[in-house]
Amino acid sequence: MVDNKTITKTGKRKTAIAKATIRSGKGRIRINSVPLEIQKPQMAKLKIQEPIQLVGDRADKVDVDVNVTGGGVMGQAGAARTAIALCFVDYFQDPELEDLFKEYDRSLLVSDPRRSLPKQPMGRGARKKRQKSYR
C-alpha cells in the first residue's frame, strides 16, 4: 500500500451513478459532502455501510468521498455501496476481500444492469395497454 495513492471507481443502480474516490486518511466517509453518520434515511445509510463493515478496521485508515447523481434514495445508496466496495478492493488489492464481497452479495462488485422499460405506444406505461372491448 503506497501513501498518497488515490483511486476512483464508479457504481450504477437504475438511473443513479456514483463516483467514489478513496485515499489514505482517518476513516471519513462522505456522500455528496455529507458525513455518513448523519445520512438520511436510515435504510439507505445501512445499505451504504455494508462494505465498510465487511472491511473492518482497515476502513479507519482511508477516506472515501462519494458523489452520487440521478435516481432515487435507494438507487443512489445501491450505486454508492458498489462504488465504495470496488474502491476498497482496488486500494487494498486483497483477493480474500474480493471473495468476501462476492460471497456476501455479488452486487457489491457488479453494477446492476437492470433498467426500467420505456413507455410503449397505445398504453399508459411500459406494460399497461388500453383495454379492448369487443361489443
# chains A, B, ... in the order shown; residues from 1 in each chain; ligands from 1

$ residues_around --residues "stretch 20-31 of chain A" --least-positions-apart "3" --cutoff "8 Å" --atoms "only C-alpha atoms" --output "PDB file with N, CA and C atoms, in the first residue's frame"
ATOM      1  N   ASP A   3       1.574   5.394   0.102  1.00  0.00           N
ATOM      2  CA  ASP A   3       0.985   6.637   0.583  1.00  0.00           C
ATOM      3  C   ASP A   3       0.615   7.519  -0.596  1.00  0.00           C
ATOM      4  N   ASN A   4      -0.345   8.405  -0.397  1.00  0.00           N
ATOM      5  CA  ASN A   4      -0.824   9.334  -1.420  1.00  0.00           C
ATOM      6  C   ASN A   4      -1.409   8.618  -2.635  1.00  0.00           C
ATOM      7  N   LYS A   5      -1.857   7.383  -2.460  1.00  0.00           N
ATOM      8  CA  LYS A   5      -2.498   6.648  -3.546  1.00  0.00           C
ATOM      9  C   LYS A   5      -3.974   7.029  -3.569  1.00  0.00           C
ATOM     10  N   THR A   6      -4.474   7.409  -4.752  1.00  0.00           N
ATOM     11  CA  THR A   6      -5.869   7.786  -4.914  1.00  0.00           C
ATOM     12  C   THR A   6      -6.478   6.939  -6.011  1.00  0.00           C
ATOM     13  N   ILE A   7      -7.650   6.363  -5.718  1.00  0.00           N
ATOM     14  CA  ILE A   7      -8.340   5.508  -6.680  1.00  0.00           C
ATOM     15  C   ILE A   7      -9.778   5.997  -6.814  1.00  0.00           C
ATOM     16  N   THR A   8     -10.261   6.036  -8.048  1.00  0.00           N
ATOM     17  CA  THR A   8     -11.636   6.443  -8.326  1.00  0.00           C
ATOM     18  C   THR A   8     -12.354   5.311  -9.051  1.00  0.00           C
ATOM     19  N   LYS A   9     -13.540   4.954  -8.574  1.00  0.00           N
ATOM     20  CA  LYS A   9     -14.363   3.904  -9.184  1.00  0.00           C
ATOM     21  C   LYS A   9     -15.808   4.388  -9.261  1.00  0.00           C
ATOM     22  N   THR A  10     -16.571   3.756 -10.162  1.00  0.00           N
ATOM     23  CA  THR A  10     -17.977   4.125 -10.316  1.00  0.00           C
ATOM     24  C   THR A  10     -18.872   2.919 -10.060  1.00  0.00           C
ATOM     25  N   VAL A  34     -21.660  15.056   2.624  1.00  0.00           N
ATOM     26  CA  VAL A  34     -22.360  14.879   3.898  1.00  0.00           C
ATOM     27  C   VAL A  34     -21.780  13.643   4.584  1.00  0.00           C
ATOM     28  N   PRO A  35     -21.334  13.765   5.852  1.00  0.00           N
ATOM     29  CA  PRO A  35     -20.788  12.585   6.543  1.00  0.00           C
ATOM     30  C   PRO A  35     -21.826  11.465   6.620  1.00  0.00           C
ATOM     31  N   LEU A  36     -21.348  10.234   6.517  1.00  0.00           N
ATOM     32  CA  LEU A  36     -22.233   9.071   6.503  1.00  0.00           C
ATOM     33  C   LEU A  36     -23.028   8.952   7.807  1.00  0.00           C
ATOM     34  N   GLN A  39     -26.393  10.683   7.510  1.00  0.00           N
ATOM     35  CA  GLN A  39     -27.116  10.396   6.269  1.00  0.00           C
ATOM     36  C   GLN A  39     -28.543   9.952   6.581  1.00  0.00           C
ATOM     37  N   ALA A  59     -10.877   0.121   7.239  1.00  0.00           N
ATOM     38  CA  ALA A  59     -11.631   1.295   6.788  1.00  0.00           C
ATOM     39  C   ALA A  59     -11.251   2.546   7.576  1.00  0.00           C
ATOM     40  N   ASP A  60     -10.645   2.385   8.762  1.00  0.00           N
ATOM     41  CA  ASP A  60     -10.243   3.534   9.571  1.00  0.00           C
ATOM     42  C   ASP A  60      -8.993   4.221   9.031  1.00  0.00           C
ATOM     43  N   LYS A  61      -8.318   3.599   8.083  1.00  0.00           N
ATOM     44  CA  LYS A  61      -7.076   4.162   7.544  1.00  0.00           C
ATOM     45  C   LYS A  61      -7.277   4.910   6.233  1.00  0.00           C
ATOM     46  N   VAL A  62      -8.520   4.964   5.730  1.00  0.00           N
ATOM     47  CA  VAL A  62      -8.783   5.601   4.436  1.00  0.00           C
ATOM     48  C   VAL A  62      -9.966   6.568   4.529  1.00  0.00           C
ATOM     49  N   ASP A  63      -9.957   7.562   3.659  1.00  0.00           N
ATOM     50  CA  ASP A  63     -11.082   8.477   3.486  1.00  0.00           C
ATOM     51  C   ASP A  63     -11.759   8.159   2.162  1.00  0.00           C
ATOM     52  N   VAL A  64     -13.094   8.155   2.161  1.00  0.00           N
ATOM     53  CA  VAL A  64     -13.858   7.876   0.944  1.00  0.00           C
ATOM     54  C   VAL A  64     -14.817   9.033   0.700  1.00  0.00           C
ATOM     55  N   ASP A  65     -14.736   9.622  -0.496  1.00  0.00           N
ATOM     56  CA  ASP A  65     -15.665  10.664  -0.921  1.00  0.00           C
ATOM     57  C   ASP A  65     -16.484  10.122  -2.080  1.00  0.00           C
ATOM     58  N   VAL A  66     -17.812  10.207  -1.961  1.00  0.00           N
ATOM     59  CA  VAL A  66     -18.701   9.679  -2.994  1.00  0.00           C
ATOM     60  C   VAL A  66     -19.584  10.804  -3.509  1.00  0.00           C
ATOM     61  N   ASN A  67     -19.662  10.942  -4.838  1.00  0.00           N
ATOM     62  CA  ASN A  67     -20.596  11.864  -5.479  1.00  0.00           C
ATOM     63  C   ASN A  67     -21.630  11.038  -6.221  1.00  0.00           C
ATOM     64  N   VAL A  68     -22.915  11.245  -5.878  1.00  0.00           N
ATOM     65  CA  VAL A  68     -23.992  10.461  -6.476  1.00  0.00           C
ATOM     66  C   VAL A  68     -24.978  11.396  -7.152  1.00  0.00           C
ATOM     67  N   ALA A  80     -23.796   3.809  -4.570  1.00  0.00           N
ATOM     68  CA  ALA A  80     -22.700   4.226  -3.683  1.00  0.00           C
ATOM     69  C   ALA A  80     -22.006   3.023  -3.059  1.00  0.00           C
ATOM     70  N   ALA A  83     -19.723   1.387  -5.634  1.00  0.00           N
ATOM     71  CA  ALA A  83     -18.518   2.185  -5.884  1.00  0.00           C
ATOM     72  C   ALA A  83     -17.536   2.083  -4.712  1.00  0.00           C
ATOM     73  N   ILE A  84     -18.048   2.110  -3.477  1.00  0.00           N
ATOM     74  CA  ILE A  84     -17.187   2.020  -2.289  1.00  0.00           C
ATOM     75  C   ILE A  84     -16.504   0.658  -2.236  1.00  0.00           C
ATOM     76  N   CYS A  87     -13.729   0.416  -4.745  1.00  0.00           N
ATOM     77  CA  CYS A  87     -12.574   1.192  -4.293  1.00  0.00           C
ATOM     78  C   CYS A  87     -11.762   0.421  -3.262  1.00  0.00           C
ATOM     79  N   PHE A  88     -12.442  -0.199  -2.295  1.00  0.00           N
ATOM     80  CA  PHE A  88     -11.738  -0.969  -1.270  1.00  0.00           C
ATOM     81  C   PHE A  88     -10.936  -2.117  -1.887  1.00  0.00           C
ATOM     82  N   TYR A  91      -7.956  -0.615  -3.766  1.00  0.00           N
ATOM     83  CA  TYR A  91      -7.000   0.057  -2.895  1.00  0.00           C
ATOM     84  C   TYR A  91      -6.153  -0.944  -2.108  1.00  0.00           C
TER      85      TYR A  91
END

$ residues_around --residues "stretch 96-101 of chain A" --least-positions-apart "6" --cutoff "9 Å" --atoms "only C-alpha atoms" --output "ChimeraX atom specification"
/A:51,54-55,85-86,88-89,107-109

$ residues_around --residues "A:Arg81" --least-positions-apart "5" --cutoff "8 Å" --atoms "only C-alpha atoms" --output "list of chain:residue names"
A:Gly11, A:Lys47, A:Ile48, A:Gln49, A:Glu50, A:Pro51, A:Leu108

$ select_by_dssp --residues "chain A" --states "helix (DSSP H, G or I)" --output "JSON, numbers by chain"
{"A": [36, 37, 38, 42, 43, 44, 45, 46, 47, 48, 49, 50, 51, 52, 53, 54, 55, 56, 57, 58, 59, 60, 61, 73, 74, 75, 76, 77, 78, 79, 80, 81, 82, 83, 84, 85, 86, 87, 88, 89, 90, 91, 92, 95, 96, 97, 98, 99, 100, 101, 102, 103, 104, 106, 107, 108]}

$ select_by_dssp --residues "chain A" --states "strand (DSSP E)" --output "PDB file with C-alpha atoms, in the first residue's frame"
ATOM      1  CA  ILE A   7      -8.340   5.508  -6.680  1.00  0.00           C
ATOM      2  CA  THR A   8     -11.636   6.443  -8.326  1.00  0.00           C
ATOM      3  CA  LYS A   9     -14.363   3.904  -9.184  1.00  0.00           C
ATOM      4  CA  THR A  10     -17.977   4.125 -10.316  1.00  0.00           C
ATOM      5  CA  GLY A  11     -21.117   2.186  -9.436  1.00  0.00           C
ATOM      6  CA  LYS A  12     -24.565   2.176 -11.040  1.00  0.00           C
ATOM      7  CA  ARG A  13     -28.067   1.210  -9.961  1.00  0.00           C
ATOM      8  CA  ALA A  16     -28.203   6.536 -10.221  1.00  0.00           C
ATOM      9  CA  ILE A  17     -24.475   6.872 -10.866  1.00  0.00           C
ATOM     10  CA  ALA A  18     -21.946   7.084  -8.012  1.00  0.00           C
ATOM     11  CA  LYS A  19     -18.299   8.079  -8.298  1.00  0.00           C
ATOM     12  CA  ALA A  20     -16.179   7.150  -5.260  1.00  0.00           C
ATOM     13  CA  THR A  21     -12.652   8.381  -4.534  1.00  0.00           C
ATOM     14  CA  ILE A  22     -10.513   6.663  -1.882  1.00  0.00           C
ATOM     15  CA  ARG A  23      -7.266   7.925  -0.338  1.00  0.00           C
ATOM     16  CA  SER A  24      -5.334   7.385   2.873  1.00  0.00           C
ATOM     17  CA  ILE A  29     -16.802   8.629   4.566  1.00  0.00           C
ATOM     18  CA  ARG A  30     -18.830  11.343   2.851  1.00  0.00           C
ATOM     19  CA  ILE A  31     -21.742  11.026   0.445  1.00  0.00           C
ATOM     20  CA  VAL A  34     -22.360  14.879   3.898  1.00  0.00           C
ATOM     21  CA  PRO A  35     -20.788  12.585   6.543  1.00  0.00           C
ATOM     22  CA  VAL A  62      -8.783   5.601   4.436  1.00  0.00           C
ATOM     23  CA  ASP A  63     -11.082   8.477   3.486  1.00  0.00           C
ATOM     24  CA  VAL A  64     -13.858   7.876   0.944  1.00  0.00           C
ATOM     25  CA  ASP A  65     -15.665  10.664  -0.921  1.00  0.00           C
ATOM     26  CA  VAL A  66     -18.701   9.679  -2.994  1.00  0.00           C
ATOM     27  CA  ASN A  67     -20.596  11.864  -5.479  1.00  0.00           C
ATOM     28  CA  VAL A  68     -23.992  10.461  -6.476  1.00  0.00           C
ATOM     29  CA  THR A  69     -26.385  11.811  -9.111  1.00  0.00           C
TER      30      THR A  69
END

$ atom_distance --atom1 "atom CA of A:Pro118" --atom2 "atom CA of A:Asn32"
29.1 Å

$ residues_around --residues "A:Ala44" --least-positions-apart "2" --cutoff "9 Å" --atoms "only C-alpha atoms" --output "ChimeraX atom specification"
/A:39-42,46-49,73-78
